[in-house]
2 protein chains.
Amino acid sequence: MNAEIMAVGTELLLGDIVNTNAQYLAKELALLGFGIYRQTTVGDNEVRLEIALKEALKEADIVITTGGLGPTPDDITKEISAKVFSQELVLHEPSYKVIETYFRNNARAMENGNQKQAMFPASAIVLDNPNGTAPGCIIVGPENKFIINLPGPPREMKPMFENKVKPFLLQFMEHTIISKTLRCIGLGEWDMATRVKDLIDSSENPTVAPYAKDGESILRITARAKTEEEARMMIAPVEEEIRRRIGEYIYGIDEDTLEDVIGRELVSHNKSIAIAESVTGGMIASRLLSFEGGMSKVLKEAFVTYSDESKMKYLGVKEETLRSFGAVSEETAKEMAQGLHEATGSEVCLVTTGIAGPTGGSEEKPVGLVYIGIYLDGSVHVWKRYFTGGRERIRIRTTIAALDYLRRLMNGIEVIE
Amino acid sequence: MNAEIMAVGTELLLGDIVNTNAQYLAKELALLGFGIYRQTTVGDNEVRLEIALKEALKEADIVITTGGLGPTPDDITKEISAKVFSQELVLHEPSYKVIETYFRNNARAMENGNQKQAMFPASAIVLDNPNGTAPGCIIVGPENKFIINLPGPPREMKPMFENKVKPFLLQFMEHTIISKTLRCIGLGEWDMATRVKDLIDSSENPTVAPYAKDGESILRITARAKTEEEARMMIAPVEEEIRRRIGEYIYGIDEDTLEDVIGRELVSHNKSIAIAESVTGGMIASRLLSFEGGMSKVLKEAFVTYSDESKMKYLGVKEETLRSFGAVSEETAKEMAQGLHEATGSEVCLVTTGIAGPTGGSEEKPVGLVYIGIYLDGSVHVWKRYFTGGRERIRIRTTIAALDYLRRLMNGIEVIE
């Protein structure tokens with residue numbers, strides 16, 4: 001079966017926001033084995049939306065829309081979807097009650113627009129929305145065609161797709177498509193692709209495809225088979241061969257993040273960690289603490305030591321060191337890591353110091369120069385790096401590098417100079 | 001004139017990467033005064049691309065494509081664009097020479113595919129690409145219609161658009177469109193829209209449109225006029241009326257972020273700030289330090305006080321307080337803020353404590369309960385909030401609320417309970 005993804009919203013059409021929903025839905029639909037012919041974005045315009053829906057339904061069996069289910073008059077997706085299938089909207093009592101309760105609980109007056117959010121075509125399967133006020137729906141049209149209306153905000157749309165639309169779509173699946181994603185850090189997309197070029201070029205089923213995202217290089221192995229188990233058995237030997245060649249760069253699979261991998265390692269071995277950040281200013285702590293598996297057991301405290309004084313006060317960095325070598329130096333990073341261990345007693349101590357810019361650089365120490373220090377098992381390791389790309393990018397790249405070095409150290413993998 | 005934006009690439013269609021080109025082009029074209037009817041994404045498929053281009057040209061005067069100009073056989077955008085206008089490709093000598101030189105300089109052998117990159121319709125205006133090997137082109141068709149082929153990688157596409165396509169398109173400009181964006185925090189999109197409903201409903205030129213993004217509610221005022229100056233004069237009275245009604249929620253305009261606004265305020269008044277984060281764990285410090293205007297002048301140190309011990313050790317929170325009221329309590333938040341001031345001497349002290357989950361909640365203190373404390377001008381203020389939406393979302397919403405409360409306090413605006 002074929003699907004088209006249609007985003008509705010003038011804010012998307014005019015470029016105010018990036019359409020990340022299309023990517024999410026495309027990926028999910030591909031995994032389900034749907035053919036995707038097209039993604040479209042249209043504005044909150046009745047005529048245009050109607051034309052786009054009719055065009056889409058010429059080719060696609062299912063059109064999934066996102067956006068335009070809100071309470072305001074320019075939210076028209078459901079109305080036009082019904083119109084395209086020549087259906088009328090009627091009040092859906094259960095949805096009305098939910099919305100009514102929501103407003104009562106929040107002590108707010110319900111308006112006409114909110115009643116509109118409870119109107120659906122009589123034939124529709126209504127998809128309730130625990131994360132917002134706009135329910136979605138699956139509208140059944142003639143010739144086994146469907147329009148599925150989902151809300152626009154990703155945090156409402158994604159759970160609705162995952163929990164309600166996916167189970168509905170499963171009935172149309174002829175085969176399954178399973179992917180496994182291998183996530184690499186420290187290896188550019190081009191380098192990665194070169195090292196497994198023959199696997200990419202010759203791949204048919206499973207296919208091997210490289211791409212890059214957020215400072216990571218990613219390889220996706222995708223197999224098509226009758227069952228999930230069969231697909232996974234086809235993926236295994238390809239993964240093994242890839243790991244043989246670039247295994248040390250692969251930090252995780254699928255939805256893993258670097259902080260998940262490190263968090264799991266720390267918590268499962270009950271290894272305490274402390275962090276002292278200068279250039280990254282809280283970014284490393286914040287990322288590590290987004291791990292859901294009980295970081296409070298191992299992370300008791302962290303510092304943003306942004307000034308020279310705070311480096312001396314909390315980490316015991318010597319004034320002499322700061323004067324002779326500067327705050328951005330190997331010597332300072334070393335003393336920060338050692339001092340952090342002494343101040344907190346933590347088994348793992350991670351520190352950063354550097355120049356994120358835009359000002360503060362010099363010929364000798366340009367913007368983008370950073371030092372990453374790690375205390376582990378009685379030794380301090382310090383790495384010097386240059387990153388480019390503006391203040392925020394330099395901070396993010398330092399954060400990723402620091403976490404990757406920690407991962408490597410903890411797993412006994414050499415850090416590449 | 002009307003434009004359609006068309007992304008070509010199976011990696012986009014299947015959701016491997018997010019299409020940020022569409023947003024960039026949409027924004028640029030809107031500023032130039034083009035009407036944008038639709039954005040489309042199609043795969044590297046000859047038949048589908050031809051259908052999509054023909055459909056687009058029914059409505060649009062200009063179709064701008066991105067992607068599919070590379071050397072491989074599945075790069076077909078230029079070929080199909082020419083076919084749609086019934087034109088043949090011929091070798092473009094200057095482009096061929098550039099590509100040849102590129103390969104000679106990089107000591108790589110030129111392949112057939114690279115010669116393909118120098119083939120263009122005879123009528124085309126070729127756009128050279130200093131950032132890659134694929135030149136773009138403007139293909140002139142019948143009835144004053146154009147197809148403009150741009151490369152897919154944003155760092156090649158954007159300079160080509162900016163330096164070559166924009167000057168070409170300027171000849172078609174009849175008027176300019178200028179937008180001003182007002183950014184609100186603490187007011188839901190619906191509440192915001194209700195308070196300025198008459199302005200939204202009656203708006204024609206300028207138009208007023210609401211939308212929501214990343215926990216903010218946004219109003220965009222857009223005016224169409226002969227000159228930018230004239231458009232700005234049309235926007236001014238509408239903005240004034242909106243500010244009269246919801247001014248206290250508006251923290252910034254256009255590309256402002258909350259951290260920019262607070263950072264500017266702190267640095268310009270040379271007001272020192274310290275932060276101690278429990279539930280947000282470095283996120284507030286990290287966001288504030290992304291401000292580019294010299295935060296190191298005012299932020300010397302910050303803490304992630306994740307454990308009870310660290311709250312006592314660094315902030316002087318009393319053991320008795322933690323025992324009687326718990327770490328997540330008004331009393332603890334108060335002592336954290338007061339203690340942070342005493343430990344650091346900072347004029348502004350911002351603290352958070354709460355339960356981000358997924359575990360650690362109780363009936364009395366559920367996941368999502370947070371306290372935000374601020375020390376300012378000798379007084380400590382504490383607010384209790386409940387946030388929903390999972391660990392990361394709770395941390396982000398706490399960060400946004402904390403920064404907004406600080407903005408309000410510093411500007412003498414009451415914090416809404």
# chains A, B, ... in the order shown; residues from 1 in each chain; ligands from 1
$ interface_residues --of "chain A" --to "chain B" --cutoff "8 Å" --atoms "only C-alpha atoms" --output "MDAnalysis selection string"
chainID A and resid 11:20 22:27 30 36:43 48 71 131 211 213 280:286 289:290 292 296 299:307 309:310 357:358 391:392
$ residues_around --residues "Ile178 in chain A" --least-positions-apart "2" --cutoff "8 Å" --atoms "only C-alpha atoms" --output "NGL selection string"
:A and (31 or 176 or 180 or 222-224 or 228 or 231-232)
$ write_last_selection --atoms "N, CA, C and O atoms" --output "tab-separated table (two decimals), in the first residue's frame"
chain	number	residue	atom	x	y	z
A	31	LEU	N	9.16	1.57	7.80
A	31	LEU	CA	9.37	0.37	8.62
A	31	LEU	C	8.17	-0.57	8.55
A	31	LEU	O	8.31	-1.79	8.62
A	176	THR	N	7.37	-7.25	6.48
A	176	THR	CA	7.87	-6.32	7.47
A	176	THR	C	9.23	-5.82	7.03
A	176	THR	O	9.96	-6.51	6.32
A	180	LYS	N	18.19	-1.74	11.59
A	180	LYS	CA	19.04	-1.59	12.76
A	180	LYS	C	20.01	-0.46	12.46
A	180	LYS	O	20.63	-0.42	11.40
A	222	THR	N	18.93	-2.38	6.66
A	222	THR	CA	17.49	-2.60	6.55
A	222	THR	C	17.20	-3.88	5.80
A	222	THR	O	17.68	-4.07	4.69
A	223	ALA	N	16.42	-4.74	6.44
A	223	ALA	CA	16.07	-6.01	5.78
A	223	ALA	C	14.55	-6.10	5.62
A	223	ALA	O	13.79	-5.64	6.47
A	224	ARG	N	14.14	-6.69	4.53
A	224	ARG	CA	12.72	-6.90	4.24
A	224	ARG	C	12.48	-8.41	4.25
A	224	ARG	O	13.19	-9.15	3.57
A	228	GLU	N	9.60	-10.54	11.46
A	228	GLU	CA	10.64	-9.73	12.09
A	228	GLU	C	11.87	-10.58	12.38
A	228	GLU	O	13.00	-10.15	12.17
A	231	ALA	N	13.94	-11.12	9.35
A	231	ALA	CA	14.66	-9.90	8.99
A	231	ALA	C	15.87	-9.71	9.90
A	231	ALA	O	16.96	-9.36	9.44
A	232	ARG	N	15.69	-9.97	11.20
A	232	ARG	CA	16.81	-9.78	12.14
A	232	ARG	C	17.95	-10.77	11.85
A	232	ARG	O	19.12	-10.43	12.01
$ select_by_dssp --residues "range 104-141 of chain B" --states "helix (DSSP H, G or I)" --output "MDAnalysis selection string"
chainID B and resid 104:105 112:116
$ atom_distance --atom1 "CA of Gln117 in chain A" --atom2 "CA of Phe161 in chain A"
18.3 Å
$ residues_around --residues "Ala225 in chain B" --least-positions-apart "4" --cutoff "10 Å" --atoms "only C-alpha atoms" --output "list in words"
Gly33, Glu174, His175, Thr176, Ile177, Ile178, Asn205, Pro206, Glu229, Glu230, Ala231, Arg232, Met233 and Met234 of chain B
$ residues_around --residues "Glu347 in chain A" --least-positions-apart "6" --cutoff "7 Å" --atoms "only C-alpha atoms" --output "JSON, numbers by chain"
{"A": [271, 272, 273, 376, 377]}
$ write_last_selection --atoms "C-alpha atoms" --output "PDB file, in the first residue's frame"
ATOM      1  CA  LYS A 271      30.539   4.138  39.599  1.00  0.00           C
ATOM      2  CA  SER A 272      30.276   7.677  40.988  1.00  0.00           C
ATOM      3  CA  ILE A 273      30.875  10.612  38.650  1.00  0.00           C
ATOM      4  CA  LEU A 376      39.694   7.518  36.083  1.00  0.00           C
ATOM      5  CA  ASP A 377      41.254   4.769  38.195  1.00  0.00           C
TER       6      ASP A 377
END
$ atom_distance --atom1 "CA of Glu46 in chain B" --atom2 "CA of Thr72 in chain B"
13.8 Å
$ residues_around --residues "Tyr102 in chain A" --least-positions-apart "6" --cutoff "10 Å" --atoms "only C-alpha atoms" --output "list in words"
Tyr96, Arg108, Met110, Gly132 and Thr133 of chain A
$ atom_distance --atom1 "CA of Glu143 in chain B" --atom2 "CA of Glu50 in chain A"
26.1 Å
$ residues_around --residues "Phe387 in chain B" --least-positions-apart "3" --cutoff "7 Å" --atoms "only C-alpha atoms" --output "list in words"
Gly368, Leu369 and Ile394 of chain B
$ closest_residue --among "A:Leu53, A:Val382, A:Val348, A:Val367" --to "Glu265 in chain A" --atoms "only C-alpha atoms"
A:Val348
$ decode --residues "range 103-129 of chain A" --atoms "N, CA and C atoms" --output "PDB file, in the first residue's frame"
ATOM      1  N   PHE A 103     -11.333  21.626  30.552  1.00  0.00           N
ATOM      2  CA  PHE A 103     -11.519  23.043  30.833  1.00  0.00           C
ATOM      3  C   PHE A 103     -12.012  23.268  32.259  1.00  0.00           C
ATOM      4  N   ARG A 104     -12.872  22.346  32.752  1.00  0.00           N
ATOM      5  CA  ARG A 104     -13.340  22.477  34.134  1.00  0.00           C
ATOM      6  C   ARG A 104     -12.155  22.353  35.093  1.00  0.00           C
ATOM      7  N   ASN A 105     -11.309  21.361  34.858  1.00  0.00           N
ATOM      8  CA  ASN A 105     -10.160  21.149  35.746  1.00  0.00           C
ATOM      9  C   ASN A 105      -9.191  22.321  35.727  1.00  0.00           C
ATOM     10  N   ASN A 106      -9.116  22.970  34.591  1.00  0.00           N
ATOM     11  CA  ASN A 106      -8.196  24.096  34.494  1.00  0.00           C
ATOM     12  C   ASN A 106      -8.893  25.423  34.739  1.00  0.00           C
ATOM     13  N   ALA A 107     -10.162  25.340  35.202  1.00  0.00           N
ATOM     14  CA  ALA A 107     -10.938  26.537  35.565  1.00  0.00           C
ATOM     15  C   ALA A 107     -10.945  27.562  34.441  1.00  0.00           C
ATOM     16  N   ARG A 108     -11.144  27.051  33.241  1.00  0.00           N
ATOM     17  CA  ARG A 108     -11.210  27.977  32.109  1.00  0.00           C
ATOM     18  C   ARG A 108     -12.531  27.766  31.378  1.00  0.00           C
ATOM     19  N   ALA A 109     -12.979  28.828  30.723  1.00  0.00           N
ATOM     20  CA  ALA A 109     -14.251  28.723  30.000  1.00  0.00           C
ATOM     21  C   ALA A 109     -14.028  28.055  28.648  1.00  0.00           C
ATOM     22  N   MET A 110     -14.935  27.144  28.315  1.00  0.00           N
ATOM     23  CA  MET A 110     -14.840  26.472  27.019  1.00  0.00           C
ATOM     24  C   MET A 110     -15.465  27.363  25.953  1.00  0.00           C
ATOM     25  N   GLU A 111     -14.847  27.412  24.810  1.00  0.00           N
ATOM     26  CA  GLU A 111     -15.386  28.267  23.749  1.00  0.00           C
ATOM     27  C   GLU A 111     -15.829  27.424  22.564  1.00  0.00           C
ATOM     28  N   ASN A 112     -16.496  28.106  21.633  1.00  0.00           N
ATOM     29  CA  ASN A 112     -16.984  27.399  20.446  1.00  0.00           C
ATOM     30  C   ASN A 112     -15.896  26.595  19.744  1.00  0.00           C
ATOM     31  N   GLY A 113     -14.722  27.198  19.670  1.00  0.00           N
ATOM     32  CA  GLY A 113     -13.631  26.548  18.966  1.00  0.00           C
ATOM     33  C   GLY A 113     -13.296  25.198  19.561  1.00  0.00           C
ATOM     34  N   ASN A 114     -13.446  25.081  20.885  1.00  0.00           N
ATOM     35  CA  ASN A 114     -13.127  23.799  21.513  1.00  0.00           C
ATOM     36  C   ASN A 114     -14.185  22.753  21.218  1.00  0.00           C
ATOM     37  N   GLN A 115     -15.442  23.208  21.069  1.00  0.00           N
ATOM     38  CA  GLN A 115     -16.497  22.265  20.678  1.00  0.00           C
ATOM     39  C   GLN A 115     -16.172  21.689  19.293  1.00  0.00           C
ATOM     40  N   LYS A 116     -15.686  22.572  18.421  1.00  0.00           N
ATOM     41  CA  LYS A 116     -15.269  22.159  17.076  1.00  0.00           C
ATOM     42  C   LYS A 116     -14.276  20.992  17.129  1.00  0.00           C
ATOM     43  N   GLN A 117     -13.448  20.962  18.161  1.00  0.00           N
ATOM     44  CA  GLN A 117     -12.450  19.897  18.267  1.00  0.00           C
ATOM     45  C   GLN A 117     -13.082  18.534  18.570  1.00  0.00           C
ATOM     46  N   ALA A 118     -14.377  18.537  18.946  1.00  0.00           N
ATOM     47  CA  ALA A 118     -15.066  17.273  19.216  1.00  0.00           C
ATOM     48  C   ALA A 118     -15.981  16.858  18.068  1.00  0.00           C
ATOM     49  N   MET A 119     -15.902  17.549  16.928  1.00  0.00           N
ATOM     50  CA  MET A 119     -16.730  17.212  15.760  1.00  0.00           C
ATOM     51  C   MET A 119     -15.932  16.301  14.813  1.00  0.00           C
ATOM     52  N   PHE A 120     -16.555  15.209  14.403  1.00  0.00           N
ATOM     53  CA  PHE A 120     -15.876  14.260  13.508  1.00  0.00           C
ATOM     54  C   PHE A 120     -16.868  13.689  12.489  1.00  0.00           C
ATOM     55  N   PRO A 121     -16.362  13.202  11.351  1.00  0.00           N
ATOM     56  CA  PRO A 121     -17.248  12.466  10.441  1.00  0.00           C
ATOM     57  C   PRO A 121     -17.809  11.235  11.168  1.00  0.00           C
ATOM     58  N   ALA A 122     -19.064  10.907  10.870  1.00  0.00           N
ATOM     59  CA  ALA A 122     -19.704   9.801  11.575  1.00  0.00           C
ATOM     60  C   ALA A 122     -18.924   8.499  11.419  1.00  0.00           C
ATOM     61  N   SER A 123     -18.288   8.301  10.277  1.00  0.00           N
ATOM     62  CA  SER A 123     -17.573   7.044  10.018  1.00  0.00           C
ATOM     63  C   SER A 123     -16.203   6.993  10.683  1.00  0.00           C
ATOM     64  N   ALA A 124     -15.771   8.114  11.264  1.00  0.00           N
ATOM     65  CA  ALA A 124     -14.376   8.200  11.688  1.00  0.00           C
ATOM     66  C   ALA A 124     -14.087   7.378  12.941  1.00  0.00           C
ATOM     67  N   ILE A 125     -12.877   6.852  12.990  1.00  0.00           N
ATOM     68  CA  ILE A 125     -12.344   6.271  14.222  1.00  0.00           C
ATOM     69  C   ILE A 125     -11.634   7.419  14.928  1.00  0.00           C
ATOM     70  N   VAL A 126     -12.149   7.797  16.106  1.00  0.00           N
ATOM     71  CA  VAL A 126     -11.577   8.943  16.808  1.00  0.00           C
ATOM     72  C   VAL A 126     -10.381   8.483  17.644  1.00  0.00           C
ATOM     73  N   LEU A 127      -9.292   9.261  17.587  1.00  0.00           N
ATOM     74  CA  LEU A 127      -8.057   8.926  18.313  1.00  0.00           C
ATOM     75  C   LEU A 127      -7.891   9.944  19.432  1.00  0.00           C
ATOM     76  N   ASP A 128      -8.113   9.518  20.671  1.00  0.00           N
ATOM     77  CA  ASP A 128      -8.023  10.504  21.752  1.00  0.00           C
ATOM     78  C   ASP A 128      -6.576  10.923  21.985  1.00  0.00           C
ATOM     79  N   ASN A 129      -6.438  12.098  22.576  1.00  0.00           N
ATOM     80  CA  ASN A 129      -5.131  12.752  22.676  1.00  0.00           C
ATOM     81  C   ASN A 129      -4.815  13.071  24.129  1.00  0.00           C
TER      82      ASN A 129
END
